[in-house]
>>> print(open('data38.txt').read())   # compact mmCIF, C-alpha atoms and all ligand atoms
# COMPACT_ATOMS: atom_id res chain seq x y z
CA MET A 1 61.19 -69.64 167.14
CA PRO A 2 59.27 -72.07 169.37
CA GLU A 3 61.93 -74.75 169.08
CA GLN A 4 64.85 -72.69 170.37
CA GLY A 5 66.43 -74.14 173.47
CA LEU A 6 64.40 -77.32 173.16
CA GLY A 7 65.78 -80.57 174.56
CA THR A 8 65.52 -83.98 172.92
CA VAL A 9 62.18 -84.57 171.19
CA VAL A 10 61.21 -87.90 169.67
CA ALA A 11 58.17 -87.42 167.38
CA VAL A 12 55.96 -90.40 166.61
CA ASP A 13 53.16 -89.81 164.12
CA GLY A 14 50.79 -92.08 162.26
CA PRO A 15 47.20 -93.25 161.91
CA ALA A 16 45.04 -94.99 164.52
CA ALA A 17 46.30 -98.26 165.99
CA ALA A 18 49.59 -98.19 164.10
CA GLY A 19 51.40 -98.83 167.39
CA LYS A 20 52.28 -95.30 168.51
CA THR A 21 51.28 -95.53 172.19
CA THR A 22 52.80 -98.99 172.67
CA THR A 23 56.15 -98.02 171.20
CA CYS A 24 56.24 -94.53 172.77
CA LEU A 25 55.72 -95.99 176.23
CA ALA A 26 58.54 -98.47 175.67
CA LEU A 27 60.89 -95.79 174.29
CA SER A 28 59.98 -93.56 177.19
CA LYS A 29 61.25 -96.23 179.60
CA SER A 30 64.32 -97.21 177.60
CA PHE A 31 65.54 -93.68 177.01
CA ASP A 32 64.11 -91.97 180.09
CA LEU A 33 61.81 -89.70 178.07
CA ARG A 34 58.69 -87.92 179.33
CA TYR A 35 55.74 -89.17 177.29
CA LEU A 36 52.83 -87.18 175.86
CA GLU A 37 49.82 -88.57 174.00
CA SER A 38 48.67 -85.49 172.06
CA GLY A 39 45.46 -87.10 170.75
CA ARG A 40 44.11 -87.20 174.29
CA THR A 41 43.73 -83.41 174.32
CA TYR A 42 41.66 -83.43 171.11
CA ARG A 43 39.58 -86.19 172.68
CA ILE A 44 39.04 -84.17 175.89
CA ILE A 45 37.80 -81.18 173.86
CA ALA A 46 35.48 -83.41 171.79
CA PHE A 47 34.21 -85.15 174.92
CA GLU A 48 33.48 -81.85 176.70
CA ALA A 49 31.72 -80.47 173.61
CA LEU A 50 29.44 -83.54 173.56
CA GLN A 51 28.79 -83.27 177.31
CA ARG A 52 27.76 -79.63 176.95
CA ASP A 53 25.75 -80.09 173.74
CA ILE A 54 28.10 -77.83 171.81
CA PRO A 55 27.88 -78.72 168.10
CA VAL A 56 31.38 -79.85 167.09
CA GLU A 57 30.92 -78.23 163.66
CA ASN A 58 30.67 -74.81 165.33
CA ALA A 59 34.31 -73.67 165.22
CA THR A 60 33.70 -70.50 167.23
CA LYS A 61 31.95 -72.32 170.06
CA VAL A 62 34.45 -75.19 170.16
CA THR A 63 37.35 -72.71 170.19
CA GLY A 64 35.65 -70.88 173.08
CA LEU A 65 35.30 -74.19 174.90
CA CYS A 66 38.97 -74.94 174.26
CA ASP A 67 39.96 -71.57 175.79
CA GLU A 68 37.74 -72.26 178.78
CA LEU A 69 39.29 -75.69 179.36
CA ILE A 70 42.81 -74.29 179.04
CA THR A 71 42.05 -71.53 181.56
CA ALA A 72 40.31 -73.90 183.97
CA SER A 73 43.22 -76.35 183.94
CA ARG A 74 45.85 -73.59 184.14
CA SER A 75 47.35 -74.04 180.69
CA VAL A 76 49.47 -77.14 180.04
CA SER A 77 47.76 -79.28 182.67
CA LEU A 78 44.99 -79.90 180.15
CA LEU A 79 47.44 -82.09 178.22
CA THR A 80 48.05 -84.41 181.13
CA SER A 81 44.75 -84.09 182.98
CA ASP A 82 43.74 -87.30 184.75
CA ARG A 83 40.16 -86.12 185.23
CA TYR A 84 39.01 -88.12 182.21
CA ALA A 85 38.62 -91.88 182.21
CA GLN A 86 40.11 -93.64 179.21
CA ASP A 87 36.86 -95.46 178.35
CA LYS A 88 34.99 -92.13 178.17
CA LEU A 89 37.57 -90.54 175.88
CA ARG A 90 37.62 -93.63 173.66
CA ALA A 91 33.83 -94.00 173.31
CA ALA A 92 32.50 -94.37 169.74
CA ARG A 93 30.80 -90.96 169.81
CA VAL A 94 34.10 -89.30 170.78
CA ASN A 95 35.88 -91.14 167.93
CA VAL A 96 33.40 -89.50 165.55
CA ALA A 97 33.42 -86.01 167.10
CA VAL A 98 37.20 -85.80 167.50
CA SER A 99 37.85 -85.73 163.73
CA THR A 100 35.67 -82.62 163.39
CA VAL A 101 37.24 -80.92 166.41
CA ALA A 102 40.75 -81.69 165.10
CA LYS A 103 39.96 -79.88 161.82
CA ILE A 104 39.45 -76.52 163.54
CA ALA A 105 42.55 -74.40 162.88
CA GLU A 106 42.07 -72.25 166.01
CA VAL A 107 41.84 -75.35 168.20
CA ARG A 108 44.97 -76.81 166.59
CA GLN A 109 46.85 -73.54 167.21
CA ARG A 110 46.00 -73.68 170.89
CA VAL A 111 46.87 -77.35 171.32
CA THR A 112 50.12 -76.78 169.40
CA SER A 113 51.09 -73.94 171.77
CA LEU A 114 50.33 -76.10 174.81
CA ILE A 115 52.43 -78.98 173.49
CA ARG A 116 55.37 -76.65 172.76
CA LEU A 117 55.08 -75.16 176.24
CA TRP A 118 54.97 -78.61 177.83
CA ALA A 119 57.92 -79.90 175.80
CA GLY A 120 59.93 -76.76 176.56
CA ALA A 121 59.84 -77.78 180.22
CA GLN A 122 61.12 -81.33 179.59
CA PRO A 123 64.77 -82.20 179.09
CA ARG A 124 63.79 -85.20 176.93
CA CYS A 125 60.42 -86.29 175.66
CA VAL A 126 58.58 -88.54 173.25
CA ILE A 127 55.32 -87.23 171.79
CA GLU A 128 52.82 -89.14 169.69
CA GLY A 129 50.22 -87.66 167.39
CA ARG A 130 49.47 -86.74 163.81
CA ASP A 131 51.48 -83.54 163.28
CA ILE A 132 54.34 -83.70 165.76
CA GLY A 133 57.16 -84.11 163.24
CA THR A 134 55.56 -81.93 160.56
CA THR A 135 54.04 -78.90 162.30
CA ILE A 136 54.78 -78.91 166.01
CA PHE A 137 58.45 -79.91 166.04
CA PRO A 138 59.85 -79.86 162.50
CA ALA A 139 63.33 -79.98 164.06
CA ALA A 140 62.62 -82.96 166.35
CA THR A 141 65.67 -85.07 167.22
CA VAL A 142 64.16 -88.21 165.68
CA LYS A 143 60.90 -88.58 163.76
CA PHE A 144 58.99 -91.77 163.15
CA TYR A 145 55.95 -92.35 160.99
CA LEU A 146 54.26 -95.62 161.90
CA THR A 147 51.58 -97.12 159.73
CA ALA A 148 49.95 -100.47 158.88
CA LYS A 149 47.16 -101.73 156.65
CA PRO A 150 43.75 -100.49 157.90
CA GLU A 151 42.42 -104.05 158.26
CA VAL A 152 45.32 -105.00 160.52
CA ARG A 153 44.99 -101.81 162.59
CA ALA A 154 41.25 -102.40 163.00
CA MET A 155 41.86 -105.97 164.15
CA ARG A 156 44.43 -104.77 166.70
CA ARG A 157 41.93 -102.23 168.06
CA VAL A 158 39.18 -104.87 168.28
CA ARG A 159 41.47 -107.05 170.39
CA GLN A 160 42.70 -104.12 172.47
CA GLU A 161 39.24 -102.74 173.29
CA ARG A 162 37.41 -106.05 173.12
CA ALA A 163 35.11 -104.27 170.66
CA ALA A 164 32.14 -106.23 169.44
CA SER A 165 32.23 -105.38 165.77
CA TYR A 166 35.28 -105.53 163.52
CA GLU A 167 33.26 -103.81 160.76
CA HIS A 168 32.43 -100.79 162.93
CA VAL A 169 36.02 -100.43 164.08
CA LEU A 170 37.31 -100.72 160.51
CA ASP A 171 34.81 -98.07 159.36
CA ASP A 172 35.99 -95.75 162.14
CA VAL A 173 39.67 -96.32 161.33
CA VAL A 174 39.14 -95.65 157.61
CA ARG A 175 36.92 -92.62 158.28
CA ARG A 176 39.46 -91.09 160.69
CA ASP A 177 42.37 -91.82 158.31
CA GLU A 178 40.53 -89.94 155.59
CA ALA A 179 39.57 -87.02 157.89
CA ASP A 180 43.06 -86.72 159.40
CA MET A 181 44.85 -86.96 156.04
CA SER A 182 42.57 -84.59 154.12
CA ARG A 183 42.11 -81.70 156.54
CA THR A 184 43.58 -78.33 155.54
CA THR A 185 45.45 -77.56 158.77
CA SER A 186 48.29 -79.93 159.67
CA PRO A 187 47.04 -83.00 157.82
CA LEU A 188 48.45 -86.40 158.72
CA VAL A 189 51.40 -86.91 156.36
CA PRO A 190 54.86 -88.32 157.01
CA ALA A 191 57.49 -85.62 157.52
CA GLU A 192 60.03 -85.79 154.71
CA ASP A 193 62.75 -86.78 157.15
CA ALA A 194 60.64 -89.21 159.18
CA ILE A 195 61.70 -92.83 159.49
CA ARG A 196 58.72 -94.68 158.05
CA ILE A 197 57.85 -98.06 159.50
CA ASP A 198 55.07 -100.22 158.12
CA THR A 199 54.17 -102.38 161.11
CA THR A 200 51.66 -104.60 159.25
CA GLU A 201 53.90 -107.64 159.34
CA LEU A 202 56.13 -106.71 162.25
CA THR A 203 55.83 -107.64 165.91
CA VAL A 204 56.00 -104.91 168.56
CA GLU A 205 59.51 -106.16 169.41
CA GLN A 206 60.66 -105.85 165.79
CA VAL A 207 59.26 -102.32 165.52
CA LEU A 208 60.92 -101.36 168.79
CA ARG A 209 64.25 -102.72 167.64
CA LEU A 210 64.13 -100.45 164.58
CA MET A 211 63.07 -97.43 166.63
CA THR A 212 65.61 -98.04 169.39
CA SER A 213 68.42 -98.37 166.90
CA ALA A 214 67.40 -95.12 165.14
CA CYS A 215 67.24 -93.29 168.49
CA ARG A 216 70.73 -94.53 169.43
CA ASP A 217 72.04 -93.47 166.03
CA ARG A 218 70.75 -89.95 166.80
CA GLY A 219 72.67 -89.85 170.07
CA LEU A 220 69.98 -90.86 172.57
CA GLU A 221 71.43 -92.80 175.47
CA ILE A 222 69.72 -95.98 176.53
CA ASN A 223 68.66 -96.34 180.15
CA ARG A 224 68.94 -100.06 180.62
N1 LIG B 301 53.43 -104.36 165.64
C1 LIG B 301 52.34 -104.75 166.31
N2 LIG B 301 51.89 -106.01 166.18
C2 LIG B 301 50.79 -106.43 166.84
N3 LIG B 301 50.06 -105.66 167.66
C3 LIG B 301 50.45 -104.40 167.83
C4 LIG B 301 51.60 -103.87 167.17
N4 LIG B 301 51.74 -102.58 167.53
C5 LIG B 301 50.72 -102.32 168.39
N5 LIG B 301 49.96 -103.41 168.57
C6 LIG B 301 48.75 -103.50 169.39
O1 LIG B 301 47.75 -102.77 168.70
C7 LIG B 301 46.93 -102.04 169.61
C8 LIG B 301 46.96 -100.57 169.22
O2 LIG B 301 48.26 -100.08 169.44
P1 LIG B 301 48.52 -98.60 169.97
O3 LIG B 301 49.95 -98.55 170.37
O4 LIG B 301 47.49 -98.21 170.97
O5 LIG B 301 48.29 -97.76 168.61
P2 LIG B 301 48.15 -96.19 168.37
O6 LIG B 301 48.72 -95.50 169.57
O7 LIG B 301 48.94 -95.93 167.13
O8 LIG B 301 46.69 -95.90 168.20
C9 LIG B 301 47.48 -102.34 171.01
O9 LIG B 301 46.69 -103.34 171.60
C10 LIG B 301 48.88 -102.84 170.76
O10 LIG B 301 49.31 -103.76 171.72
N1 LIG B 302 48.57 -84.50 167.06
C1 LIG B 302 47.32 -84.94 166.87
C2 LIG B 302 46.80 -86.00 167.63
C3 LIG B 302 45.51 -86.41 167.41
N2 LIG B 302 44.76 -85.77 166.49
C4 LIG B 302 43.34 -86.09 166.28
C5 LIG B 302 43.12 -87.01 165.10
C6 LIG B 302 42.84 -88.35 165.71
O1 LIG B 302 41.95 -89.11 164.91
C7 LIG B 302 42.24 -87.99 167.05
C8 LIG B 302 42.46 -88.99 168.15
O2 LIG B 302 43.84 -89.24 168.26
P1 LIG B 302 44.40 -90.49 169.08
O3 LIG B 302 45.89 -90.44 169.03
O4 LIG B 302 43.76 -90.54 170.42
O5 LIG B 302 43.83 -91.69 168.23
P2 LIG B 302 44.34 -93.19 168.14
O6 LIG B 302 44.79 -93.62 169.51
O7 LIG B 302 45.49 -93.20 167.19
O8 LIG B 302 43.15 -93.91 167.66
O9 LIG B 302 42.82 -86.74 167.42
C9 LIG B 302 45.29 -84.75 165.74
O10 LIG B 302 44.60 -84.21 164.86
N3 LIG B 302 46.56 -84.34 165.94
>>> encode(input="data38.txt", output="structure tokens", more="lines below")
Ligand SMILES: Nc1ncnc2c1ncn2[C@@H]1O[C@H](COP(=O)(O)OP(=O)(O)O)[C@@H](O)[C@H]1O
Ligand SMILES: Nc1ccn([C@H]2C[C@H](O)[C@@H](COP(=O)(O)OP(=O)(O)O)O2)c(=O)n1
Amino acid sequence: MPEQGLGTVVAVDGPAAAGKTTTCLALSKSFDLRYLESGRTYRIIAFEALQRDIPVENATKVTGLCDELITASRSVSLLTSDRYAQDKLRAARVNVAVSTVAKIAEVRQRVTSLIRLWAGAQPRCVIEGRDIGTTIFPAATVKFYLTAKPEVRAMRRVRQERAASYEHVLDDVVRRDEADMSRTTSPLVPAEDAIRIDTTELTVEQVLRLMTSACRDRGLEINR
């Protein structure tokens, strides 16, 4: 059982620009939790595939690349590698390629193992992604599923990345929602026991109040 002996895990899942990173970083400070952005690893694999002209549809080649990256970074370090600039991992072409990479079951298995290994070494952590509360840590201490209307999420991302075109960002958000929710392996769905928060009409502070209160109810001790 991968979850045996695990410390506190707060799982935060949901679609793009629902507010996962913002709230995870705040919870990480408030409750002294180590933070992991799991989507970054899928982005690194997609980015490297594009750099090396590996077709992202080729599951065998992408899985081979994934193994190579894991070996080169000595296992879990791939998850937290600072070799990759944020703007490169968030480029439009990576946004497109990452959905295909994230569908590959063998890649998901490897990333899942890395995340479990990483979390096993942390006394307390908060992890954001798409399948943290469903597949990776079904027995997480607290699970959140954040969402918001696609139009609102796209507008947030436009402001965040100073993107030129709202239409392009909305198309990407809707396309990734569809890809993440419809894939066979670990699709994006709320865990049955996740606390669902629709952030469409809530401020970050309001969302954080709900999340903080739920964490305290589950026995997490606040830092400050
Ligand atoms: N409830 C909210 N209201 C307004 N803006 C928000 C809210 N939650 C997040 N944001 C903003 O939306 C953008 C995307 O949020 P982020 O936390 O990166 O989303 P995710 O990690 O789910 O992709 C950021 O600029 C963030 O400040
Ligand atoms: N646990 C995860 C995390 C991300 N993914 C995939 C699906 C997502 O569209 C991409 C990118 O995730 P990321 O969290 O960086 O995306 P956003 O910041 O929410 O836009 O990776 C996944 O399949 N499983």
>>> residues_near_ligand(input="data38.txt", ligand="ligand LIG 301 (chain B)", cutoff="8 Å", atoms="only C-alpha atoms and all ligand atoms", output="number ranges by chain")
A: 14-24, 128, 146-147, 153, 156-157, 159-161, 199-207
>>> atom_distance(input="data38.txt", atom1="atom CA of Asp32 of chain A", atom2="atom CA of Asn223 of chain A")
6.3 Å
>>> closest_residue(input="data38.txt", among="A:Ala154, A:Ala49, A:Val9, A:Ile195", to="Thr63 of chain A", atoms="all atoms listed in the file")
A:Ala49
>>> residues_around(input="data38.txt", residues="Ser75 of chain A", least_positions_apart="3", cutoff="10 Å", atoms="all atoms listed in the file", output="ChimeraX atom specification")
/A:67-72,78-79,110-111,113-114,117-118
>>> closest_residue(input="data38.txt", among="A:Ala140, A:Ala92, A:Ala102, A:Leu36", to="ligand LIG 302 (chain B)", atoms="all atoms listed in the file")
A:Ala102
>>> atom_distance(input="data38.txt", atom1="atom CA of Asp177 of chain A", atom2="atom CA of Val101 of chain A")
14.5 Å
>>> axis_aligned_box(input="data38.txt", around="segment 204-214 of chain A", padding_each_side="3 Å", output="AutoDock Vina command-line options")
--center_x 62.2 --center_y -100.6 --center_z 167.0 --size_x 18.4 --size_y 17.0 --size_z 10.8
>>> residues_near_ligand(input="data38.txt", ligand="ligand LIG 302 (chain B)", cutoff="6 Å", atoms="all atoms listed in the file", output="number ranges by chain")
A: 15-17, 38-40, 42, 98-99, 102, 129-132, 176, 180
>>> residues_near_point(input="data38.txt", point="(57.4, -88.6, 157.1)", cutoff="8 Å", atoms="only C-alpha atoms", output="VMD selection string")
chain A and resid 133 to 134 143 to 145 189 to 196
>>> residues_around(input="data38.txt", residues="segment 212-218 of chain A", least_positions_apart="4", cutoff="8 Å", atoms="only C-alpha atoms", output="ChimeraX atom specification")
/A:27,141-142,208,222
>>> closest_residue(input="data38.txt", among="A:Asn95, A:Thr100, A:Thr8, A:Thr135", to="Val56 of chain A", atoms="all atoms listed in the file")
A:Thr100
>>> atom_distance(input="data38.txt", atom1="atom CA of Arg90 of chain A", atom2="atom CA of Asp171 of chain A")
15.2 Å
>>> closest_residue(input="data38.txt", among="A:Asp82, A:Asp172, A:Glu106, A:Asp87", to="Gly64 of chain A", atoms="all atoms listed in the file")
A:Glu106
>>> closest_residue(input="data38.txt", among="A:Lys29, A:Lys61, A:Arg34, A:Arg175", to="Val107 of chain A", atoms="all atoms listed in the file")
A:Lys61
>>> closest_residue(input="data38.txt", among="A:Ser30, A:Ser165, A:Ser186, A:Asn58", to="Ala97 of chain A", atoms="only C-alpha atoms")
A:Asn58
>>> decode(input="data38.txt", residues="segment 34-49 of chain A", atoms="N, CA and C atoms", output="PDB file, in the first residue's frame")
ATOM      1  N   ARG A  34       4.822  21.263   2.910  1.00  0.00           N
ATOM      2  CA  ARG A  34       5.653  21.317   1.696  1.00  0.00           C
ATOM      3  C   ARG A  34       4.714  21.287   0.497  1.00  0.00           C
ATOM      4  N   TYR A  35       5.026  22.080  -0.511  1.00  0.00           N
ATOM      5  CA  TYR A  35       4.095  22.243  -1.645  1.00  0.00           C
ATOM      6  C   TYR A  35       4.646  21.571  -2.900  1.00  0.00           C
ATOM      7  N   LEU A  36       3.767  20.897  -3.625  1.00  0.00           N
ATOM      8  CA  LEU A  36       4.159  20.300  -4.911  1.00  0.00           C
ATOM      9  C   LEU A  36       3.106  20.602  -5.976  1.00  0.00           C
ATOM     10  N   GLU A  37       3.612  21.129  -7.113  1.00  0.00           N
ATOM     11  CA  GLU A  37       2.735  21.426  -8.259  1.00  0.00           C
ATOM     12  C   GLU A  37       2.912  20.266  -9.247  1.00  0.00           C
ATOM     13  N   SER A  38       2.020  19.294  -9.232  1.00  0.00           N
ATOM     14  CA  SER A  38       2.271  18.070 -10.015  1.00  0.00           C
ATOM     15  C   SER A  38       2.213  18.315 -11.527  1.00  0.00           C
ATOM     16  N   GLY A  39       1.439  19.310 -11.958  1.00  0.00           N
ATOM     17  CA  GLY A  39       1.322  19.596 -13.391  1.00  0.00           C
ATOM     18  C   GLY A  39       2.646  19.987 -14.024  1.00  0.00           C
ATOM     19  N   ARG A  40       3.530  20.530 -13.223  1.00  0.00           N
ATOM     20  CA  ARG A  40       4.846  20.959 -13.724  1.00  0.00           C
ATOM     21  C   ARG A  40       5.622  19.781 -14.340  1.00  0.00           C
ATOM     22  N   THR A  41       5.497  18.607 -13.735  1.00  0.00           N
ATOM     23  CA  THR A  41       6.226  17.445 -14.242  1.00  0.00           C
ATOM     24  C   THR A  41       5.688  17.036 -15.617  1.00  0.00           C
ATOM     25  N   TYR A  42       4.366  17.051 -15.772  1.00  0.00           N
ATOM     26  CA  TYR A  42       3.798  16.744 -17.098  1.00  0.00           C
ATOM     27  C   TYR A  42       4.254  17.793 -18.113  1.00  0.00           C
ATOM     28  N   ARG A  43       4.351  19.032 -17.654  1.00  0.00           N
ATOM     29  CA  ARG A  43       4.813  20.098 -18.560  1.00  0.00           C
ATOM     30  C   ARG A  43       6.284  19.890 -18.945  1.00  0.00           C
ATOM     31  N   ILE A  44       7.112  19.475 -17.985  1.00  0.00           N
ATOM     32  CA  ILE A  44       8.543  19.247 -18.290  1.00  0.00           C
ATOM     33  C   ILE A  44       8.667  18.150 -19.352  1.00  0.00           C
ATOM     34  N   ILE A  45       7.901  17.076 -19.193  1.00  0.00           N
ATOM     35  CA  ILE A  45       7.986  15.970 -20.161  1.00  0.00           C
ATOM     36  C   ILE A  45       7.519  16.454 -21.548  1.00  0.00           C
ATOM     37  N   ALA A  46       6.434  17.204 -21.573  1.00  0.00           N
ATOM     38  CA  ALA A  46       5.924  17.727 -22.858  1.00  0.00           C
ATOM     39  C   ALA A  46       6.945  18.675 -23.486  1.00  0.00           C
ATOM     40  N   PHE A  47       7.525  19.537 -22.664  1.00  0.00           N
ATOM     41  CA  PHE A  47       8.510  20.499 -23.159  1.00  0.00           C
ATOM     42  C   PHE A  47       9.725  19.773 -23.750  1.00  0.00           C
ATOM     43  N   GLU A  48      10.232  18.781 -23.035  1.00  0.00           N
ATOM     44  CA  GLU A  48      11.409  18.039 -23.515  1.00  0.00           C
ATOM     45  C   GLU A  48      11.077  17.271 -24.795  1.00  0.00           C
ATOM     46  N   ALA A  49       9.875  16.725 -24.885  1.00  0.00           N
ATOM     47  CA  ALA A  49       9.474  16.008 -26.109  1.00  0.00           C
ATOM     48  C   ALA A  49       9.499  16.974 -27.300  1.00  0.00           C
TER      49      ALA A  49
END
